[in-house]
>>> print(open('structure-v4.pdb').read())   # PDB, C-alpha atoms
ATOM      1  CA  MET A   1      12.645 -26.945  30.841  1.00  0.00           C
ATOM      2  CA  TRP A   2      10.756 -24.110  32.505  1.00  0.00           C
ATOM      3  CA  ARG A   3      13.696 -21.774  32.001  1.00  0.00           C
ATOM      4  CA  ALA A   4      13.717 -22.542  28.273  1.00  0.00           C
ATOM      5  CA  SER A   5       9.972 -21.863  28.150  1.00  0.00           C
ATOM      6  CA  LEU A   6      10.437 -18.527  29.904  1.00  0.00           C
ATOM      7  CA  ILE A   7      13.216 -17.556  27.488  1.00  0.00           C
ATOM      8  CA  LEU A   8      11.040 -18.442  24.469  1.00  0.00           C
ATOM      9  CA  LEU A   9       8.144 -16.468  25.948  1.00  0.00           C
ATOM     10  CA  ALA A  10      10.395 -13.457  26.545  1.00  0.00           C
ATOM     11  CA  LEU A  11      11.764 -13.630  22.978  1.00  0.00           C
ATOM     12  CA  SER A  12       8.225 -13.909  21.601  1.00  0.00           C
ATOM     13  CA  THR A  13       7.107 -10.879  23.619  1.00  0.00           C
ATOM     14  CA  ILE A  14      10.082  -8.830  22.379  1.00  0.00           C
ATOM     15  CA  ALA A  15       9.427  -9.859  18.760  1.00  0.00           C
ATOM     16  CA  LEU A  16       5.761  -8.884  19.003  1.00  0.00           C
ATOM     17  CA  ALA A  17       6.705  -5.527  20.547  1.00  0.00           C
ATOM     18  CA  ASP A  18       9.160  -4.955  17.686  1.00  0.00           C
ATOM     19  CA  THR A  19       6.435  -5.827  15.162  1.00  0.00           C
ATOM     20  CA  ARG A  20       3.973  -3.368  16.734  1.00  0.00           C
ATOM     21  CA  GLY A  21       6.706  -0.752  16.769  1.00  0.00           C
ATOM     22  CA  GLY A  22       7.298  -1.364  13.075  1.00  0.00           C
ATOM     23  CA  LEU A  23       3.597  -0.955  12.319  1.00  0.00           C
ATOM     24  CA  THR A  24       3.498   2.279  14.307  1.00  0.00           C
ATOM     25  CA  GLN A  25       6.522   3.563  12.366  1.00  0.00           C
ATOM     26  CA  GLN A  26       4.910   2.669   9.025  1.00  0.00           C
ATOM     27  CA  LEU A  27       1.846   4.695   9.926  1.00  0.00           C
ATOM     28  CA  ALA A  28       3.952   7.568  11.254  1.00  0.00           C
ATOM     29  CA  ASP A  29       5.883   7.686   7.971  1.00  0.00           C
ATOM     30  CA  GLU A  30       2.627   7.570   6.008  1.00  0.00           C
ATOM     31  CA  SER A  31       1.174  10.360   8.147  1.00  0.00           C
ATOM     32  CA  ALA A  32       4.271  12.527   7.576  1.00  0.00           C
ATOM     33  CA  ALA A  33       4.024  11.979   3.814  1.00  0.00           C
ATOM     34  CA  ILE A  34       0.338  12.951   3.894  1.00  0.00           C
ATOM     35  CA  ASP A  35       1.142  16.094   5.909  1.00  0.00           C
ATOM     36  CA  SER A  36       3.735  17.092   3.313  1.00  0.00           C
ATOM     37  CA  ALA A  37       1.275  16.488   0.463  1.00  0.00           C
ATOM     38  CA  LEU A  38      -1.465  18.396   2.311  1.00  0.00           C
ATOM     39  CA  SER A  39       0.820  21.405   2.699  1.00  0.00           C
ATOM     40  CA  SER A  40       1.811  21.302  -0.969  1.00  0.00           C
ATOM     41  CA  VAL A  41      -1.741  20.967  -2.303  1.00  0.00           C
ATOM     42  CA  ALA A  42      -3.087  23.643   0.050  1.00  0.00           C
ATOM     43  CA  GLU A  43      -0.377  26.030  -1.164  1.00  0.00           C
ATOM     44  CA  LYS A  44      -1.194  25.249  -4.811  1.00  0.00           C
ATOM     45  CA  LEU A  45      -4.882  25.811  -4.128  1.00  0.00           C
ATOM     46  CA  ALA A  46      -4.225  29.178  -2.467  1.00  0.00           C
ATOM     47  CA  LEU A  47      -2.041  30.303  -5.395  1.00  0.00           C
ATOM     48  CA  ALA A  48      -4.639  29.052  -7.860  1.00  0.00           C
ATOM     49  CA  ASP A  49      -7.311  31.133  -6.114  1.00  0.00           C
ATOM     50  CA  VAL A  50      -5.139  34.259  -6.362  1.00  0.00           C
ATOM     51  CA  GLU A  51      -4.484  33.719 -10.074  1.00  0.00           C
ATOM     52  CA  ARG A  52      -8.100  32.775 -10.689  1.00  0.00           C
ATOM     53  CA  THR A  53      -9.291  36.036  -9.115  1.00  0.00           C
ATOM     54  CA  LYS A  54      -7.018  37.990 -11.438  1.00  0.00           C
ATOM     55  CA  ARG A  55      -8.207  36.097 -14.522  1.00  0.00           C
ATOM     56  CA  LEU A  56     -11.856  36.416 -13.507  1.00  0.00           C
ATOM     57  CA  GLY A  57     -11.377  40.164 -13.333  1.00  0.00           C
ATOM     58  CA  ALA A  58      -9.807  40.186 -16.783  1.00  0.00           C
ATOM     59  CA  ALA A  59     -12.575  37.963 -18.138  1.00  0.00           C
ATOM     60  CA  TYR A  60     -15.258  40.222 -16.657  1.00  0.00           C
ATOM     61  CA  ARG A  61     -13.664  43.294 -18.230  1.00  0.00           C
ATOM     62  CA  ALA A  62     -13.491  41.518 -21.593  1.00  0.00           C
ATOM     63  CA  LYS A  63     -17.146  40.585 -21.337  1.00  0.00           C
ATOM     64  CA  GLN A  64     -18.180  44.131 -20.457  1.00  0.00           C
ATOM     65  CA  GLU A  65     -16.123  45.709 -23.221  1.00  0.00           C
ATOM     66  CA  PRO A  66     -18.496  47.381 -25.678  1.00  0.00           C
ATOM     67  CA  ILE A  67     -18.713  45.980 -29.184  1.00  0.00           C
ATOM     68  CA  ARG A  68     -17.415  48.562 -31.642  1.00  0.00           C
ATOM     69  CA  LYS A  69     -16.559  47.909 -35.265  1.00  0.00           C
ATOM     70  CA  ASP A  70     -15.041  44.398 -35.015  1.00  0.00           C
ATOM     71  CA  ALA A  71     -17.865  42.294 -33.560  1.00  0.00           C
ATOM     72  CA  MET A  72     -16.084  39.032 -34.471  1.00  0.00           C
ATOM     73  CA  ALA A  73     -12.960  39.979 -32.505  1.00  0.00           C
ATOM     74  CA  ALA A  74     -15.089  40.910 -29.500  1.00  0.00           C
ATOM     75  CA  ALA A  75     -16.889  37.549 -29.695  1.00  0.00           C
ATOM     76  CA  ARG A  76     -13.556  35.724 -29.787  1.00  0.00           C
ATOM     77  CA  ARG A  77     -12.340  37.627 -26.729  1.00  0.00           C
ATOM     78  CA  ARG A  78     -15.494  36.711 -24.824  1.00  0.00           C
ATOM     79  CA  ALA A  79     -15.243  33.056 -25.868  1.00  0.00           C
ATOM     80  CA  ALA A  80     -11.624  32.995 -24.745  1.00  0.00           C
ATOM     81  CA  ALA A  81     -12.606  34.552 -21.415  1.00  0.00           C
ATOM     82  CA  ARG A  82     -15.292  31.892 -20.876  1.00  0.00           C
ATOM     83  CA  MET A  83     -12.818  29.131 -21.725  1.00  0.00           C
ATOM     84  CA  ILE A  84     -10.292  30.473 -19.211  1.00  0.00           C
ATOM     85  CA  VAL A  85     -12.951  30.675 -16.485  1.00  0.00           C
ATOM     86  CA  HIS A  86     -14.117  27.097 -17.129  1.00  0.00           C
ATOM     87  CA  ARG A  87     -10.522  25.837 -17.172  1.00  0.00           C
ATOM     88  CA  ASP A  88      -9.752  27.569 -13.873  1.00  0.00           C
ATOM     89  CA  LEU A  89     -12.862  26.105 -12.282  1.00  0.00           C
ATOM     90  CA  ALA A  90     -11.907  22.605 -13.455  1.00  0.00           C
ATOM     91  CA  GLU A  91      -8.327  22.957 -12.172  1.00  0.00           C
ATOM     92  CA  ARG A  92      -9.520  24.251  -8.813  1.00  0.00           C
ATOM     93  CA  ALA A  93     -12.031  21.398  -8.509  1.00  0.00           C
ATOM     94  CA  LEU A  94      -9.213  18.878  -9.062  1.00  0.00           C
ATOM     95  CA  LEU A  95      -7.052  20.498  -6.373  1.00  0.00           C
ATOM     96  CA  ALA A  96      -9.981  20.712  -3.939  1.00  0.00           C
ATOM     97  CA  ASP A  97     -10.799  17.040  -4.531  1.00  0.00           C
ATOM     98  CA  GLU A  98      -7.164  16.047  -3.968  1.00  0.00           C
ATOM     99  CA  LEU A  99      -7.122  18.062  -0.743  1.00  0.00           C
ATOM    100  CA  ALA A 100     -10.317  16.357   0.469  1.00  0.00           C
ATOM    101  CA  GLN A 101      -8.863  12.916  -0.287  1.00  0.00           C
ATOM    102  CA  LEU A 102      -5.664  13.735   1.585  1.00  0.00           C
ATOM    103  CA  LYS A 103      -7.636  14.939   4.613  1.00  0.00           C
ATOM    104  CA  ALA A 104      -9.631  11.689   4.569  1.00  0.00           C
ATOM    105  CA  ALA A 105      -6.377   9.710   4.335  1.00  0.00           C
ATOM    106  CA  LYS A 106      -4.972  11.661   7.296  1.00  0.00           C
ATOM    107  CA  THR A 107      -8.055  10.817   9.379  1.00  0.00           C
ATOM    108  CA  ARG A 108      -7.840   7.147   8.361  1.00  0.00           C
ATOM    109  CA  THR A 109      -4.130   6.962   9.236  1.00  0.00           C
ATOM    110  CA  THR A 110      -4.785   8.496  12.655  1.00  0.00           C
ATOM    111  CA  ASP A 111      -7.576   5.959  13.278  1.00  0.00           C
ATOM    112  CA  ASP A 112      -5.363   3.089  12.066  1.00  0.00           C
ATOM    113  CA  ALA A 113      -2.576   4.122  14.444  1.00  0.00           C
ATOM    114  CA  ALA A 114      -5.008   3.733  17.348  1.00  0.00           C
ATOM    115  CA  LEU A 115      -5.732   0.140  16.249  1.00  0.00           C
ATOM    116  CA  VAL A 116      -2.110  -1.030  16.285  1.00  0.00           C
ATOM    117  CA  SER A 117      -2.141  -1.758  20.015  1.00  0.00           C
ATOM    118  CA  GLN A 118      -5.299  -3.868  19.647  1.00  0.00           C
ATOM    119  CA  VAL A 119      -4.654  -5.892  16.489  1.00  0.00           C
ATOM    120  CA  VAL A 120      -3.959  -9.618  16.999  1.00  0.00           C
ATOM    121  CA  LEU A 121      -0.544 -10.412  15.531  1.00  0.00           C
ATOM    122  CA  PRO A 122       0.448 -13.837  14.212  1.00  0.00           C
ATOM    123  CA  GLU A 123       2.918 -15.543  16.533  1.00  0.00           C
ATOM    124  CA  ASP A 124       3.757 -18.892  14.948  1.00  0.00           C
ATOM    125  CA  LEU A 125       3.596 -19.662  11.234  1.00  0.00           C
ATOM    126  CA  ALA A 126       4.738 -22.720   9.327  1.00  0.00           C
ATOM    127  CA  ARG A 127       7.404 -22.041   6.698  1.00  0.00           C
ATOM    128  CA  PRO A 128       5.689 -22.275   3.303  1.00  0.00           C
ATOM    129  CA  ALA A 129       8.889 -23.908   2.000  1.00  0.00           C
ATOM    130  CA  GLN A 130      12.189 -25.126   3.372  1.00  0.00           C
ATOM    131  CA  GLY A 131      15.216 -23.128   2.318  1.00  0.00           C
ATOM    132  CA  SER A 132      17.313 -20.095   3.146  1.00  0.00           C
ATOM    133  CA  ILE A 133      16.018 -16.535   3.011  1.00  0.00           C
ATOM    134  CA  ALA A 134      17.273 -15.114  -0.294  1.00  0.00           C
ATOM    135  CA  ARG A 135      15.741 -11.651   0.087  1.00  0.00           C
ATOM    136  CA  LYS A 136      14.744 -10.172   3.401  1.00  0.00           C
ATOM    137  CA  PHE A 137      11.872  -7.893   4.426  1.00  0.00           C
ATOM    138  CA  GLY A 138      12.484  -4.139   4.472  1.00  0.00           C
ATOM    139  CA  THR A 139      14.686  -1.828   2.432  1.00  0.00           C
ATOM    140  CA  LEU A 140      17.373  -2.994   0.028  1.00  0.00           C
ATOM    141  CA  VAL A 141      19.637  -1.502  -2.623  1.00  0.00           C
ATOM    142  CA  HIS A 142      18.948  -2.743  -6.152  1.00  0.00           C
ATOM    143  CA  GLU A 143      22.062  -4.421  -7.578  1.00  0.00           C
ATOM    144  CA  LYS A 144      21.982  -2.731 -11.007  1.00  0.00           C
ATOM    145  CA  SER A 145      20.258   0.618 -10.477  1.00  0.00           C
ATOM    146  CA  LYS A 146      21.566   1.134  -6.905  1.00  0.00           C
ATOM    147  CA  ALA A 147      18.129   2.548  -6.037  1.00  0.00           C
ATOM    148  CA  THR A 148      16.801   1.967  -2.513  1.00  0.00           C
ATOM    149  CA  LEU A 149      13.690  -0.205  -2.662  1.00  0.00           C
ATOM    150  CA  SER A 150      11.218  -1.389  -0.042  1.00  0.00           C
ATOM    151  CA  ARG A 151      10.326  -5.089   0.113  1.00  0.00           C
ATOM    152  CA  ARG A 152       7.020  -6.033   1.721  1.00  0.00           C
ATOM    153  CA  GLY A 153       7.808  -9.738   1.953  1.00  0.00           C
ATOM    154  CA  ILE A 154      10.638 -12.267   1.720  1.00  0.00           C
ATOM    155  CA  ASP A 155      11.974 -14.661  -0.905  1.00  0.00           C
ATOM    156  CA  ILE A 156      12.806 -18.228   0.136  1.00  0.00           C
ATOM    157  CA  GLU A 157      15.358 -20.174  -1.908  1.00  0.00           C
ATOM    158  CA  VAL A 158      13.769 -23.445  -3.059  1.00  0.00           C
ATOM    159  CA  GLU A 159      14.128 -26.191  -5.623  1.00  0.00           C
ATOM    160  CA  ALA A 160      12.141 -25.630  -8.826  1.00  0.00           C
ATOM    161  CA  LYS A 161       8.630 -27.073  -8.580  1.00  0.00           C
ATOM    162  CA  SER A 162       8.977 -27.590  -4.810  1.00  0.00           C
ATOM    163  CA  PRO A 163       5.636 -28.027  -2.975  1.00  0.00           C
ATOM    164  CA  ILE A 164       4.555 -24.853  -1.150  1.00  0.00           C
ATOM    165  CA  ILE A 165       2.291 -25.090   1.894  1.00  0.00           C
ATOM    166  CA  ALA A 166      -0.145 -22.858   3.794  1.00  0.00           C
ATOM    167  CA  PRO A 167       1.527 -21.217   6.818  1.00  0.00           C
ATOM    168  CA  ALA A 168      -1.659 -21.330   8.952  1.00  0.00           C
ATOM    169  CA  ASP A 169      -5.353 -22.251   8.850  1.00  0.00           C
ATOM    170  CA  GLY A 170      -7.417 -19.925   6.687  1.00  0.00           C
ATOM    171  CA  ILE A 171      -9.560 -19.378   3.590  1.00  0.00           C
ATOM    172  CA  VAL A 172      -8.229 -18.748   0.092  1.00  0.00           C
ATOM    173  CA  ARG A 173      -9.453 -15.301  -1.002  1.00  0.00           C
ATOM    174  CA  TYR A 174      -7.534 -15.114  -4.286  1.00  0.00           C
ATOM    175  CA  ALA A 175      -5.755 -17.566  -6.565  1.00  0.00           C
ATOM    176  CA  GLY A 176      -4.234 -16.470  -9.856  1.00  0.00           C
ATOM    177  CA  LEU A 177      -1.755 -14.097 -11.434  1.00  0.00           C
ATOM    178  CA  ILE A 178      -0.123 -11.426  -9.261  1.00  0.00           C
ATOM    179  CA  ARG A 179       1.683  -8.697 -11.178  1.00  0.00           C
ATOM    180  CA  GLY A 180       5.435  -9.155 -10.937  1.00  0.00           C
ATOM    181  CA  LEU A 181       5.115 -12.315  -8.838  1.00  0.00           C
ATOM    182  CA  ASP A 182       3.927 -14.985 -11.307  1.00  0.00           C
ATOM    183  CA  LYS A 183       0.982 -16.913  -9.869  1.00  0.00           C
ATOM    184  CA  GLY A 184       0.013 -16.762  -6.220  1.00  0.00           C
ATOM    185  CA  VAL A 185      -2.625 -17.173  -3.531  1.00  0.00           C
ATOM    186  CA  ILE A 186      -3.902 -14.808  -0.844  1.00  0.00           C
ATOM    187  CA  ILE A 187      -5.093 -16.548   2.314  1.00  0.00           C
ATOM    188  CA  ASP A 188      -7.285 -14.907   4.966  1.00  0.00           C
ATOM    189  CA  HIS A 189      -6.278 -16.054   8.464  1.00  0.00           C
ATOM    190  CA  GLY A 190      -8.685 -13.889  10.453  1.00  0.00           C
ATOM    191  CA  SER A 191      -6.599 -11.026  11.786  1.00  0.00           C
ATOM    192  CA  PHE A 192      -4.038 -11.166   8.980  1.00  0.00           C
ATOM    193  CA  PHE A 193      -3.467 -12.225   5.363  1.00  0.00           C
ATOM    194  CA  THR A 194      -0.607 -14.140   3.762  1.00  0.00           C
ATOM    195  CA  VAL A 195       0.460 -13.796   0.143  1.00  0.00           C
ATOM    196  CA  ILE A 196       2.256 -16.855  -1.245  1.00  0.00           C
ATOM    197  CA  ALA A 197       3.554 -16.196  -4.753  1.00  0.00           C
ATOM    198  CA  LYS A 198       6.099 -16.982  -7.483  1.00  0.00           C
ATOM    199  CA  LEU A 199       4.172 -20.195  -8.039  1.00  0.00           C
ATOM    200  CA  GLY A 200       4.096 -22.107 -11.288  1.00  0.00           C
ATOM    201  CA  GLU A 201       1.107 -24.194 -10.239  1.00  0.00           C
ATOM    202  CA  ILE A 202      -1.790 -23.390  -7.904  1.00  0.00           C
ATOM    203  CA  ALA A 203      -3.412 -26.305  -6.069  1.00  0.00           C
ATOM    204  CA  VAL A 204      -6.333 -24.524  -4.339  1.00  0.00           C
ATOM    205  CA  PRO A 205      -9.321 -22.576  -5.710  1.00  0.00           C
ATOM    206  CA  ILE A 206     -10.802 -19.370  -4.349  1.00  0.00           C
ATOM    207  CA  GLY A 207     -13.076 -19.859  -1.332  1.00  0.00           C
ATOM    208  CA  VAL A 208     -11.672 -23.185  -0.153  1.00  0.00           C
ATOM    209  CA  PRO A 209     -10.568 -23.507   3.499  1.00  0.00           C
ATOM    210  CA  VAL A 210      -6.991 -24.665   4.053  1.00  0.00           C
ATOM    211  CA  LYS A 211      -5.198 -26.067   7.071  1.00  0.00           C
ATOM    212  CA  ARG A 212      -1.674 -25.288   8.175  1.00  0.00           C
ATOM    213  CA  GLY A 213       0.611 -27.479   6.085  1.00  0.00           C
ATOM    214  CA  ASP A 214      -1.812 -28.019   3.180  1.00  0.00           C
ATOM    215  CA  ARG A 215      -0.167 -27.743  -0.229  1.00  0.00           C
ATOM    216  CA  VAL A 216      -1.276 -24.584  -2.041  1.00  0.00           C
ATOM    217  CA  GLY A 217       0.922 -24.969  -5.117  1.00  0.00           C
ATOM    218  CA  ARG A 218       4.418 -25.526  -6.486  1.00  0.00           C
ATOM    219  CA  ALA A 219       7.264 -23.078  -6.967  1.00  0.00           C
ATOM    220  CA  ALA A 220       7.689 -21.750 -10.493  1.00  0.00           C
ATOM    221  CA  ARG A 221      11.476 -21.536 -10.262  1.00  0.00           C
ATOM    222  CA  HIS A 222      14.044 -21.337  -7.467  1.00  0.00           C
ATOM    223  CA  ARG A 223      12.377 -18.798  -5.187  1.00  0.00           C
ATOM    224  CA  THR A 224       8.980 -18.432  -3.592  1.00  0.00           C
ATOM    225  CA  TYR A 225       7.619 -15.171  -2.208  1.00  0.00           C
ATOM    226  CA  VAL A 226       5.933 -14.819   1.199  1.00  0.00           C
ATOM    227  CA  GLU A 227       4.168 -11.728   2.540  1.00  0.00           C
ATOM    228  CA  VAL A 228       2.218 -11.253   5.777  1.00  0.00           C
ATOM    229  CA  ARG A 229      -0.219  -8.341   6.204  1.00  0.00           C
ATOM    230  CA  VAL A 230      -2.139  -7.561   9.385  1.00  0.00           C
ATOM    231  CA  LYS A 231      -5.624  -6.124   8.980  1.00  0.00           C
ATOM    232  CA  VAL A 232      -4.906  -2.470   9.684  1.00  0.00           C
ATOM    233  CA  GLY A 233      -5.877   0.014   6.964  1.00  0.00           C
ATOM    234  CA  PRO A 234      -7.652  -0.614   3.650  1.00  0.00           C
ATOM    235  CA  ALA A 235      -4.945  -2.905   2.207  1.00  0.00           C
ATOM    236  CA  GLY A 236      -3.392  -4.119   5.461  1.00  0.00           C
ATOM    237  CA  LEU A 237       0.116  -3.370   6.727  1.00  0.00           C
ATOM    238  CA  PRO A 238       3.044  -5.700   5.926  1.00  0.00           C
ATOM    239  CA  ILE A 239       5.147  -7.217   8.703  1.00  0.00           C
ATOM    240  CA  ASP A 240       8.343  -9.270   8.583  1.00  0.00           C
ATOM    241  CA  PRO A 241       7.446 -12.981   8.255  1.00  0.00           C
ATOM    242  CA  GLU A 242      10.919 -14.289   9.102  1.00  0.00           C
ATOM    243  CA  PRO A 243      10.750 -13.964  12.929  1.00  0.00           C
ATOM    244  CA  LEU A 244       7.357 -15.684  12.893  1.00  0.00           C
ATOM    245  CA  PHE A 245       8.823 -18.733  11.155  1.00  0.00           C
ATOM    246  CA  ALA A 246      11.841 -18.744  13.490  1.00  0.00           C
ATOM    247  CA  ARG A 247       9.596 -19.212  16.517  1.00  0.00           C
TER     248      ARG A 247
END
>>> encode(input="structure-v4.pdb", output="structure tokens")
Amino acid sequence: MWRASLILLALSTIALADTRGGLTQQLADESAAIDSALSSVAEKLALADVERTKRLGAAYRAKQEPIRKDAMAAARRRAAARMIVHRDLAERALLADELAQLKAAKTRTTDDAALVSQVVLPEDLARPAQGSIARKFGTLVHEKSKATLSRRGIDIEVEAKSPIIAPADGIVRYAGLIRGLDKGVIIDHGSFFTVIAKLGEIAVPIGVPVKRGDRVGRAARHRTYVEVRVKVGPAGLPIDPEPLFAR
């Protein structure tokens, strides 16, 4: 008995380490994407400043040009120069704002990475429905388009209108339509959220506490969607629910 307990504990520890490693990799990938965007926007901003300096010089010369016989033509040139200056200022402001947002995102991602080692991960969740895993967490190749997609949750094969239960104690934070996933509920479990979707019927309102095993709705068709997000970052980071149900 004690050997079996030690084996289960070891497997649980390995699974949690793998989950933390996955979270760290997600943030590393996000940080790399931000670095690439920062470099691109900074380059655009530098080029915009060079071009803007040239156009400002041209606009200044147009403004200083003395009015001779054709006053109307001179007025049009000056109006055009003002329009170009205002347009350049607006474009530069957009680039500068985008750069500031990217820098803030970089800081947030760095801070989030430091939290990964501290966040409390779920270790044992009830399966919201019995059935095989039809679509797994992670990347997959779309059957028709052959495009590589990223799945943030799993699909469980179920009977139509099967009862779907809460995987752990928590509070319902949202109940209603979820784009692309029919109806669904979002449950707050303290250190993580679960998203239970592809429901045809919702049995719990927003704000109500639920216990592990409570019915939250019924499946709309033959699959129900399950997503688990730990509270790292503004929208949380998704983790693979399947190993949590296996334990």
>>> residues_around(input="structure-v4.pdb", residues="Asp112 of chain A", least_positions_apart="4", cutoff="8 Å", atoms="all atoms listed in the file", output="list in words")
Leu27, Arg108, Val116, Val232 and Gly233 of chain A
>>> closest_residue(input="structure-v4.pdb", among="A:Leu94, A:Val226, A:Pro122, A:Glu30", to="Arg135 of chain A", atoms="only C-alpha atoms")
A:Val226
>>> residues_near_point(input="structure-v4.pdb", point="(-9.2, 27.0, -14.4)", cutoff="10 Å", atoms="all atoms listed in the file", output="ChimeraX atom specification")
/A:48-49,51-52,55-56,83-94
>>> resolve_selection(input="structure-v4.pdb", expression="the PyMOL selection byres ((chain A and resi 98) around 12)", output="number ranges by chain")
A: 34, 37-42, 44-45, 91-97, 99-105
>>> closest_residue(input="structure-v4.pdb", among="A:Lys136, A:Lys211, A:Lys183, A:Arg218", to="Ser162 of chain A", atoms="only C-alpha atoms")
A:Arg218
>>> resolve_selection(input="structure-v4.pdb", expression="the PyMOL selection byres ((chain A and resi 224) around 12)", output="VMD selection string")
chain A and resid 127 to 135 153 to 165 181 to 185 195 to 201 217 to 223 225 to 227
>>> axis_aligned_box(input="structure-v4.pdb", around="segment 195-203 of chain A", padding_each_side="8 Å", output="JSON")
{"center_x": 1.3, "center_y": -20.1, "center_z": -5.6, "size_x": 25.5, "size_y": 28.5, "size_z": 27.4}
>>> residues_around(input="structure-v4.pdb", residues="Ser191 of chain A", least_positions_apart="4", cutoff="8 Å", atoms="all atoms listed in the file", output="number ranges by chain")
A: 119-122, 230-231
